[in-house]
file start.txt (compact mmCIF, N, CA and C atoms)
# COMPACT_ATOMS: atom_id res chain seq x y z
N MET A 14 0.81 -1.19 0.00
CA MET A 14 0.00 0.00 0.00
C MET A 14 0.86 1.26 0.00
N TYR A 15 1.92 1.26 0.78
CA TYR A 15 2.70 2.50 0.93
C TYR A 15 3.37 2.96 -0.36
N PRO A 16 3.93 2.04 -1.16
CA PRO A 16 4.48 2.51 -2.45
C PRO A 16 3.40 3.08 -3.37
N ARG A 17 2.19 2.57 -3.30
CA ARG A 17 1.12 3.10 -4.15
C ARG A 17 0.77 4.53 -3.76
N ILE A 18 0.76 4.80 -2.48
CA ILE A 18 0.47 6.17 -2.03
C ILE A 18 1.53 7.11 -2.58
N ARG A 19 2.78 6.71 -2.48
CA ARG A 19 3.87 7.55 -3.00
C ARG A 19 3.77 7.68 -4.52
N ASP A 20 3.55 6.56 -5.21
CA ASP A 20 3.47 6.59 -6.68
C ASP A 20 2.33 7.47 -7.17
N LEU A 21 1.18 7.39 -6.52
CA LEU A 21 0.05 8.22 -6.93
C LEU A 21 0.39 9.70 -6.77
N ARG A 22 1.05 10.04 -5.67
CA ARG A 22 1.45 11.44 -5.45
C ARG A 22 2.45 11.88 -6.51
N GLU A 23 3.43 11.03 -6.78
CA GLU A 23 4.45 11.38 -7.77
C GLU A 23 3.86 11.47 -9.17
N ASP A 24 2.86 10.64 -9.47
CA ASP A 24 2.20 10.71 -10.78
C ASP A 24 1.54 12.06 -11.00
N LYS A 25 1.07 12.68 -9.93
CA LYS A 25 0.46 14.02 -10.03
C LYS A 25 1.52 15.12 -9.90
N ASP A 26 2.76 14.72 -9.66
CA ASP A 26 3.87 15.66 -9.56
C ASP A 26 3.63 16.74 -8.50
N ILE A 27 3.19 16.28 -7.31
CA ILE A 27 3.02 17.22 -6.21
C ILE A 27 3.88 16.78 -5.03
N SER A 28 4.22 17.72 -4.21
CA SER A 28 5.09 17.44 -3.06
C SER A 28 4.28 16.84 -1.91
N GLN A 29 5.01 16.23 -1.00
CA GLN A 29 4.38 15.74 0.22
C GLN A 29 3.75 16.89 0.99
N THR A 30 4.41 18.01 0.99
CA THR A 30 3.90 19.19 1.71
C THR A 30 2.56 19.63 1.16
N LYS A 31 2.44 19.69 -0.16
CA LYS A 31 1.19 20.13 -0.78
C LYS A 31 0.07 19.12 -0.51
N LEU A 32 0.35 17.84 -0.66
CA LEU A 32 -0.69 16.84 -0.42
C LEU A 32 -1.08 16.82 1.06
N ALA A 33 -0.12 16.96 1.94
CA ALA A 33 -0.41 17.03 3.37
C ALA A 33 -1.34 18.20 3.66
N HIS A 34 -1.09 19.33 3.03
CA HIS A 34 -1.95 20.50 3.21
C HIS A 34 -3.37 20.20 2.74
N ILE A 35 -3.50 19.55 1.58
CA ILE A 35 -4.81 19.18 1.05
C ILE A 35 -5.55 18.27 2.02
N LEU A 36 -4.80 17.37 2.67
CA LEU A 36 -5.39 16.43 3.62
C LEU A 36 -5.59 17.03 5.00
N GLY A 37 -5.07 18.24 5.21
CA GLY A 37 -5.23 18.90 6.50
C GLY A 37 -4.32 18.35 7.58
N MET A 38 -3.09 18.04 7.20
CA MET A 38 -2.16 17.46 8.17
C MET A 38 -0.75 17.99 7.90
N SER A 39 0.21 17.59 8.74
CA SER A 39 1.59 18.03 8.56
C SER A 39 2.29 17.16 7.51
N GLN A 40 3.34 17.71 6.93
CA GLN A 40 4.15 16.96 5.97
C GLN A 40 4.79 15.76 6.64
N THR A 41 5.24 15.94 7.88
CA THR A 41 5.88 14.85 8.62
C THR A 41 4.90 13.69 8.82
N GLY A 42 3.67 14.02 9.21
CA GLY A 42 2.66 12.99 9.40
C GLY A 42 2.37 12.24 8.11
N TYR A 43 2.25 13.00 7.01
CA TYR A 43 1.99 12.36 5.73
C TYR A 43 3.17 11.49 5.31
N SER A 44 4.38 11.96 5.51
CA SER A 44 5.58 11.21 5.15
C SER A 44 5.59 9.84 5.83
N LYS A 45 5.14 9.80 7.06
CA LYS A 45 5.12 8.53 7.80
C LYS A 45 4.12 7.54 7.20
N TYR A 46 3.10 8.03 6.51
CA TYR A 46 2.20 7.12 5.78
C TYR A 46 2.93 6.50 4.59
N GLU A 47 3.67 7.33 3.85
CA GLU A 47 4.37 6.82 2.66
C GLU A 47 5.46 5.81 3.01
N THR A 48 6.07 5.96 4.16
CA THR A 48 7.15 5.03 4.54
C THR A 48 6.62 3.81 5.29
N GLY A 49 5.34 3.86 5.67
CA GLY A 49 4.76 2.75 6.41
C GLY A 49 5.03 2.82 7.90
N GLU A 50 5.61 3.92 8.34
CA GLU A 50 5.89 4.09 9.78
C GLU A 50 4.59 4.20 10.58
N ASN A 51 3.58 4.84 9.99
CA ASN A 51 2.26 4.95 10.62
C ASN A 51 1.21 4.33 9.70
N ASP A 52 0.21 3.70 10.30
CA ASP A 52 -0.92 3.19 9.52
C ASP A 52 -1.76 4.37 9.04
N VAL A 53 -2.35 4.19 7.86
CA VAL A 53 -3.18 5.24 7.27
C VAL A 53 -4.62 5.03 7.76
N PRO A 54 -5.20 6.02 8.45
CA PRO A 54 -6.58 5.88 8.90
C PRO A 54 -7.54 5.82 7.72
N SER A 55 -8.67 5.19 7.93
CA SER A 55 -9.64 5.03 6.84
C SER A 55 -10.10 6.39 6.31
N SER A 56 -10.23 7.38 7.15
CA SER A 56 -10.66 8.70 6.67
C SER A 56 -9.65 9.29 5.68
N ILE A 57 -8.37 9.07 5.92
CA ILE A 57 -7.33 9.56 5.01
C ILE A 57 -7.31 8.71 3.74
N LEU A 58 -7.51 7.40 3.85
CA LEU A 58 -7.59 6.54 2.67
C LEU A 58 -8.69 7.02 1.73
N ILE A 59 -9.82 7.36 2.29
CA ILE A 59 -10.95 7.84 1.47
C ILE A 59 -10.58 9.16 0.80
N LYS A 60 -9.99 10.08 1.54
CA LYS A 60 -9.57 11.36 0.96
C LYS A 60 -8.55 11.16 -0.16
N LEU A 61 -7.59 10.25 0.06
CA LEU A 61 -6.58 9.97 -0.98
C LEU A 61 -7.23 9.38 -2.23
N ALA A 62 -8.16 8.45 -2.04
CA ALA A 62 -8.83 7.84 -3.18
C ALA A 62 -9.61 8.89 -3.98
N LEU A 63 -10.31 9.76 -3.28
CA LEU A 63 -11.07 10.81 -3.97
C LEU A 63 -10.13 11.77 -4.69
N TYR A 64 -9.07 12.19 -4.03
CA TYR A 64 -8.13 13.13 -4.63
C TYR A 64 -7.47 12.54 -5.88
N HIS A 65 -7.06 11.28 -5.78
CA HIS A 65 -6.36 10.64 -6.90
C HIS A 65 -7.30 9.98 -7.90
N GLU A 66 -8.61 10.10 -7.65
CA GLU A 66 -9.63 9.53 -8.53
C GLU A 66 -9.40 8.04 -8.76
N THR A 67 -9.21 7.34 -7.67
CA THR A 67 -9.02 5.90 -7.71
C THR A 67 -9.85 5.29 -6.58
N SER A 68 -9.71 4.01 -6.38
CA SER A 68 -10.46 3.35 -5.31
C SER A 68 -9.56 3.05 -4.12
N VAL A 69 -10.19 2.92 -2.98
CA VAL A 69 -9.46 2.51 -1.78
C VAL A 69 -8.88 1.11 -2.02
N ASP A 70 -9.61 0.26 -2.73
CA ASP A 70 -9.11 -1.08 -3.06
C ASP A 70 -7.79 -1.00 -3.81
N TYR A 71 -7.67 -0.06 -4.74
CA TYR A 71 -6.41 0.09 -5.48
C TYR A 71 -5.28 0.51 -4.53
N ILE A 72 -5.55 1.49 -3.69
CA ILE A 72 -4.54 1.96 -2.74
C ILE A 72 -4.09 0.83 -1.82
N LEU A 73 -5.03 0.02 -1.39
CA LEU A 73 -4.71 -1.09 -0.47
C LEU A 73 -4.06 -2.28 -1.17
N GLY A 74 -4.03 -2.27 -2.50
CA GLY A 74 -3.42 -3.37 -3.23
C GLY A 74 -4.36 -4.55 -3.45
N LEU A 75 -5.67 -4.33 -3.28
CA LEU A 75 -6.64 -5.41 -3.47
C LEU A 75 -7.00 -5.59 -4.94
N THR A 76 -6.70 -4.58 -5.75
CA THR A 76 -6.92 -4.64 -7.19
C THR A 76 -5.81 -3.87 -7.88
N ASN A 77 -5.56 -4.20 -9.13
CA ASN A 77 -4.59 -3.44 -9.92
C ASN A 77 -5.28 -2.48 -10.88
N GLN A 78 -6.61 -2.41 -10.80
CA GLN A 78 -7.35 -1.47 -11.64
C GLN A 78 -7.33 -0.11 -10.96
N LYS A 79 -6.70 0.84 -11.63
CA LYS A 79 -6.53 2.16 -11.05
C LYS A 79 -7.85 2.94 -11.02
N LYS A 80 -8.68 2.73 -12.02
CA LYS A 80 -9.96 3.45 -12.09
C LYS A 80 -10.94 2.85 -11.10
N PRO A 81 -11.70 3.69 -10.41
CA PRO A 81 -12.69 3.17 -9.46
C PRO A 81 -13.87 2.53 -10.17
N TYR A 82 -14.65 1.84 -9.40
CA TYR A 82 -15.86 1.22 -9.94
C TYR A 82 -16.81 2.32 -10.40
N PRO A 83 -17.60 2.05 -11.46
CA PRO A 83 -18.58 3.07 -11.89
C PRO A 83 -19.59 3.36 -10.78
N ARG A 84 -20.00 4.59 -10.70
CA ARG A 84 -20.96 5.00 -9.67
C ARG A 84 -22.36 4.95 -10.20

call {"tool": "encode", "arguments": {"input": "start.txt", "output": "structure tokens"}}
result
Amino acid sequence: MYPRIRDLREDKDISQTKLAHILGMSQTGYSKYETGENDVPSSILIKLALYHETSVDYILGLTNQKKPYPR
């Protein structure tokens, strides 16, 4: 899961600082999610999925389909 979080951020070419700001948290806190030092709370997983226009399943590694299910 942690490499996917980093890869999604890098695909959008934004810094940890900017994404942390979007999520309403510190850069240090966000960095710990990318390294796996801290578990990612479900509320943050949902925000990341919405921001990156993907599914929580993709972030968690349960699927390799980047696009979310149709709504």

call {"tool": "residues_around", "arguments": {"input": "start.txt", "residues": "Asp70 of chain A", "least_positions_apart": "4", "cutoff": "12 Å", "atoms": "only C-alpha atoms", "output": "ChimeraX atom specification"}}
result
/A:14,17,55,58-59,61-62,66,74-82

call {"tool": "residues_around", "arguments": {"input": "start.txt", "residues": "Ala33 of chain A", "least_positions_apart": "3", "cutoff": "12 Å", "atoms": "only C-alpha atoms", "output": "number ranges by chain"}}
result
A: 22, 27-30, 36-47, 57, 60-61, 64

call {"tool": "atom_distance", "arguments": {"input": "start.txt", "atom1": "atom N of Asp24 of chain A", "atom2": "atom N of His65 of chain A"}}
result
10.6 Å

call {"tool": "atom_distance", "arguments": {"input": "start.txt", "atom1": "atom C of Thr67 of chain A", "atom2": "atom N of Asn51 of chain A"}}
result
21.3 Å

call {"tool": "atom_distance", "arguments": {"input": "start.txt", "atom1": "atom C of Val69 of chain A", "atom2": "atom CA of Asp52 of chain A"}}
result
14.2 Å

call {"tool": "select_by_dssp", "arguments": {"input": "start.txt", "residues": "chain A", "states": "alpha helix (DSSP H)", "output": "JSON, numbers by chain"}}
result
{"A": [15, 16, 17, 18, 19, 20, 21, 22, 23, 24, 29, 30, 31, 32, 33, 34, 35, 36, 40, 41, 42, 43, 44, 45, 46, 47, 48, 55, 56, 57, 58, 59, 60, 61, 62, 63, 64, 65, 69, 70, 71, 72, 73]}

call {"tool": "residues_around", "arguments": {"input": "start.txt", "residues": "Thr48 of chain A", "least_positions_apart": "5", "cutoff": "9 Å", "atoms": "only C-alpha atoms", "output": "list in words"}}
result
Tyr15, Pro16 and Arg19 of chain A

call {"tool": "decode", "arguments": {"input": "start.txt", "residues": "segment 54-68 of chain A", "atoms": "all heavy atoms", "output": "PDB file, in the first residue's frame"}}
result
ATOM      1  N   PRO A  54      -5.197   6.023   8.449  1.00  0.00           N
ATOM      2  CA  PRO A  54      -6.579   5.878   8.904  1.00  0.00           C
ATOM      3  C   PRO A  54      -7.544   5.816   7.716  1.00  0.00           C
ATOM      4  O   PRO A  54      -7.265   6.356   6.643  1.00  0.00           O
ATOM      5  CB  PRO A  54      -6.839   7.143   9.729  1.00  0.00           C
ATOM      6  CG  PRO A  54      -5.544   7.840   9.855  1.00  0.00           C
ATOM      7  CD  PRO A  54      -4.602   7.288   8.854  1.00  0.00           C
ATOM      8  N   SER A  55      -8.674   5.192   7.932  1.00  0.00           N
ATOM      9  CA  SER A  55      -9.642   5.032   6.843  1.00  0.00           C
ATOM     10  C   SER A  55     -10.103   6.386   6.305  1.00  0.00           C
ATOM     11  O   SER A  55     -10.319   6.530   5.096  1.00  0.00           O
ATOM     12  CB  SER A  55     -10.832   4.182   7.287  1.00  0.00           C
ATOM     13  OG  SER A  55     -11.442   4.743   8.426  1.00  0.00           O
ATOM     14  N   SER A  56     -10.230   7.380   7.148  1.00  0.00           N
ATOM     15  CA  SER A  56     -10.661   8.704   6.666  1.00  0.00           C
ATOM     16  C   SER A  56      -9.646   9.293   5.679  1.00  0.00           C
ATOM     17  O   SER A  56     -10.028   9.923   4.689  1.00  0.00           O
ATOM     18  CB  SER A  56     -10.877   9.661   7.835  1.00  0.00           C
ATOM     19  OG  SER A  56      -9.681   9.840   8.568  1.00  0.00           O
ATOM     20  N   ILE A  57      -8.369   9.071   5.922  1.00  0.00           N
ATOM     21  CA  ILE A  57      -7.327   9.556   5.015  1.00  0.00           C
ATOM     22  C   ILE A  57      -7.306   8.712   3.738  1.00  0.00           C
ATOM     23  O   ILE A  57      -7.129   9.241   2.636  1.00  0.00           O
ATOM     24  CB  ILE A  57      -5.941   9.560   5.697  1.00  0.00           C
ATOM     25  CG1 ILE A  57      -5.942  10.512   6.894  1.00  0.00           C
ATOM     26  CG2 ILE A  57      -4.835   9.913   4.706  1.00  0.00           C
ATOM     27  CD1 ILE A  57      -6.117  11.981   6.558  1.00  0.00           C
ATOM     28  N   LEU A  58      -7.508   7.403   3.855  1.00  0.00           N
ATOM     29  CA  LEU A  58      -7.588   6.543   2.667  1.00  0.00           C
ATOM     30  C   LEU A  58      -8.687   7.021   1.730  1.00  0.00           C
ATOM     31  O   LEU A  58      -8.491   7.088   0.505  1.00  0.00           O
ATOM     32  CB  LEU A  58      -7.856   5.092   3.059  1.00  0.00           C
ATOM     33  CG  LEU A  58      -6.678   4.281   3.537  1.00  0.00           C
ATOM     34  CD1 LEU A  58      -7.153   2.926   4.050  1.00  0.00           C
ATOM     35  CD2 LEU A  58      -5.665   4.095   2.426  1.00  0.00           C
ATOM     36  N   ILE A  59      -9.824   7.358   2.286  1.00  0.00           N
ATOM     37  CA  ILE A  59     -10.946   7.841   1.470  1.00  0.00           C
ATOM     38  C   ILE A  59     -10.584   9.159   0.795  1.00  0.00           C
ATOM     39  O   ILE A  59     -10.817   9.337  -0.403  1.00  0.00           O
ATOM     40  CB  ILE A  59     -12.215   7.973   2.331  1.00  0.00           C
ATOM     41  CG1 ILE A  59     -12.686   6.586   2.752  1.00  0.00           C
ATOM     42  CG2 ILE A  59     -13.315   8.730   1.578  1.00  0.00           C
ATOM     43  CD1 ILE A  59     -13.736   6.583   3.845  1.00  0.00           C
ATOM     44  N   LYS A  60      -9.986  10.076   1.541  1.00  0.00           N
ATOM     45  CA  LYS A  60      -9.570  11.357   0.958  1.00  0.00           C
ATOM     46  C   LYS A  60      -8.551  11.156  -0.156  1.00  0.00           C
ATOM     47  O   LYS A  60      -8.614  11.812  -1.200  1.00  0.00           O
ATOM     48  CB  LYS A  60      -8.995  12.278   2.031  1.00  0.00           C
ATOM     49  CG  LYS A  60     -10.028  12.848   2.973  1.00  0.00           C
ATOM     50  CD  LYS A  60      -9.368  13.735   4.026  1.00  0.00           C
ATOM     51  CE  LYS A  60     -10.373  14.267   5.022  1.00  0.00           C
ATOM     52  NZ  LYS A  60      -9.739  15.124   6.035  1.00  0.00           N
ATOM     53  N   LEU A  61      -7.588  10.247   0.062  1.00  0.00           N
ATOM     54  CA  LEU A  61      -6.581   9.968  -0.976  1.00  0.00           C
ATOM     55  C   LEU A  61      -7.230   9.379  -2.225  1.00  0.00           C
ATOM     56  O   LEU A  61      -6.886   9.769  -3.347  1.00  0.00           O
ATOM     57  CB  LEU A  61      -5.522   9.005  -0.428  1.00  0.00           C
ATOM     58  CG  LEU A  61      -4.521   9.592   0.558  1.00  0.00           C
ATOM     59  CD1 LEU A  61      -3.715   8.480   1.220  1.00  0.00           C
ATOM     60  CD2 LEU A  61      -3.604  10.580  -0.144  1.00  0.00           C
ATOM     61  N   ALA A  62      -8.160   8.455  -2.038  1.00  0.00           N
ATOM     62  CA  ALA A  62      -8.834   7.839  -3.181  1.00  0.00           C
ATOM     63  C   ALA A  62      -9.611   8.890  -3.976  1.00  0.00           C
ATOM     64  O   ALA A  62      -9.550   8.911  -5.213  1.00  0.00           O
ATOM     65  CB  ALA A  62      -9.752   6.720  -2.716  1.00  0.00           C
ATOM     66  N   LEU A  63     -10.308   9.758  -3.284  1.00  0.00           N
ATOM     67  CA  LEU A  63     -11.067  10.807  -3.968  1.00  0.00           C
ATOM     68  C   LEU A  63     -10.134  11.775  -4.689  1.00  0.00           C
ATOM     69  O   LEU A  63     -10.378  12.142  -5.841  1.00  0.00           O
ATOM     70  CB  LEU A  63     -11.954  11.560  -2.971  1.00  0.00           C
ATOM     71  CG  LEU A  63     -13.134  10.775  -2.405  1.00  0.00           C
ATOM     72  CD1 LEU A  63     -13.799  11.546  -1.276  1.00  0.00           C
ATOM     73  CD2 LEU A  63     -14.135  10.439  -3.500  1.00  0.00           C
ATOM     74  N   TYR A  64      -9.070  12.186  -4.027  1.00  0.00           N
ATOM     75  CA  TYR A  64      -8.126  13.127  -4.633  1.00  0.00           C
ATOM     76  C   TYR A  64      -7.468  12.536  -5.875  1.00  0.00           C
ATOM     77  O   TYR A  64      -7.345  13.202  -6.900  1.00  0.00           O
ATOM     78  CB  TYR A  64      -7.056  13.556  -3.619  1.00  0.00           C
ATOM     79  CG  TYR A  64      -6.049  14.488  -4.226  1.00  0.00           C
ATOM     80  CD1 TYR A  64      -6.370  15.822  -4.444  1.00  0.00           C
ATOM     81  CD2 TYR A  64      -4.797  14.033  -4.613  1.00  0.00           C
ATOM     82  CE1 TYR A  64      -5.467  16.681  -5.037  1.00  0.00           C
ATOM     83  CE2 TYR A  64      -3.883  14.886  -5.198  1.00  0.00           C
ATOM     84  CZ  TYR A  64      -4.220  16.214  -5.414  1.00  0.00           C
ATOM     85  OH  TYR A  64      -3.319  17.060  -6.014  1.00  0.00           O
ATOM     86  N   HIS A  65      -7.063  11.282  -5.783  1.00  0.00           N
ATOM     87  CA  HIS A  65      -6.361  10.644  -6.897  1.00  0.00           C
ATOM     88  C   HIS A  65      -7.304   9.984  -7.902  1.00  0.00           C
ATOM     89  O   HIS A  65      -6.848   9.375  -8.869  1.00  0.00           O
ATOM     90  CB  HIS A  65      -5.374   9.597  -6.366  1.00  0.00           C
ATOM     91  CG  HIS A  65      -4.219  10.197  -5.629  1.00  0.00           C
ATOM     92  ND1 HIS A  65      -3.310  11.054  -6.213  1.00  0.00           N
ATOM     93  CD2 HIS A  65      -3.816  10.069  -4.339  1.00  0.00           C
ATOM     94  CE1 HIS A  65      -2.398  11.415  -5.328  1.00  0.00           C
ATOM     95  NE2 HIS A  65      -2.684  10.832  -4.178  1.00  0.00           N
ATOM     96  N   GLU A  66      -8.607  10.097  -7.650  1.00  0.00           N
ATOM     97  CA  GLU A  66      -9.631   9.533  -8.532  1.00  0.00           C
ATOM     98  C   GLU A  66      -9.403   8.044  -8.764  1.00  0.00           C
ATOM     99  O   GLU A  66      -9.362   7.558  -9.892  1.00  0.00           O
ATOM    100  CB  GLU A  66      -9.699  10.299  -9.853  1.00  0.00           C
ATOM    101  CG  GLU A  66     -10.078  11.755  -9.664  1.00  0.00           C
ATOM    102  CD  GLU A  66     -10.080  12.549 -10.951  1.00  0.00           C
ATOM    103  OE1 GLU A  66      -9.376  12.176 -11.905  1.00  0.00           O
ATOM    104  OE2 GLU A  66     -10.795  13.565 -10.986  1.00  0.00           O
ATOM    105  N   THR A  67      -9.211   7.336  -7.672  1.00  0.00           N
ATOM    106  CA  THR A  67      -9.022   5.898  -7.705  1.00  0.00           C
ATOM    107  C   THR A  67      -9.852   5.291  -6.579  1.00  0.00           C
ATOM    108  O   THR A  67     -10.611   5.988  -5.920  1.00  0.00           O
ATOM    109  CB  THR A  67      -7.527   5.530  -7.597  1.00  0.00           C
ATOM    110  OG1 THR A  67      -7.363   4.159  -7.916  1.00  0.00           O
ATOM    111  CG2 THR A  67      -6.933   5.836  -6.248  1.00  0.00           C
ATOM    112  N   SER A  68      -9.707   4.009  -6.381  1.00  0.00           N
ATOM    113  CA  SER A  68     -10.461   3.349  -5.311  1.00  0.00           C
ATOM    114  C   SER A  68      -9.558   3.053  -4.117  1.00  0.00           C
ATOM    115  O   SER A  68      -8.336   2.934  -4.259  1.00  0.00           O
ATOM    116  CB  SER A  68     -11.079   2.045  -5.822  1.00  0.00           C
ATOM    117  OG  SER A  68     -10.059   1.098  -6.101  1.00  0.00           O
TER     118      SER A  68
END
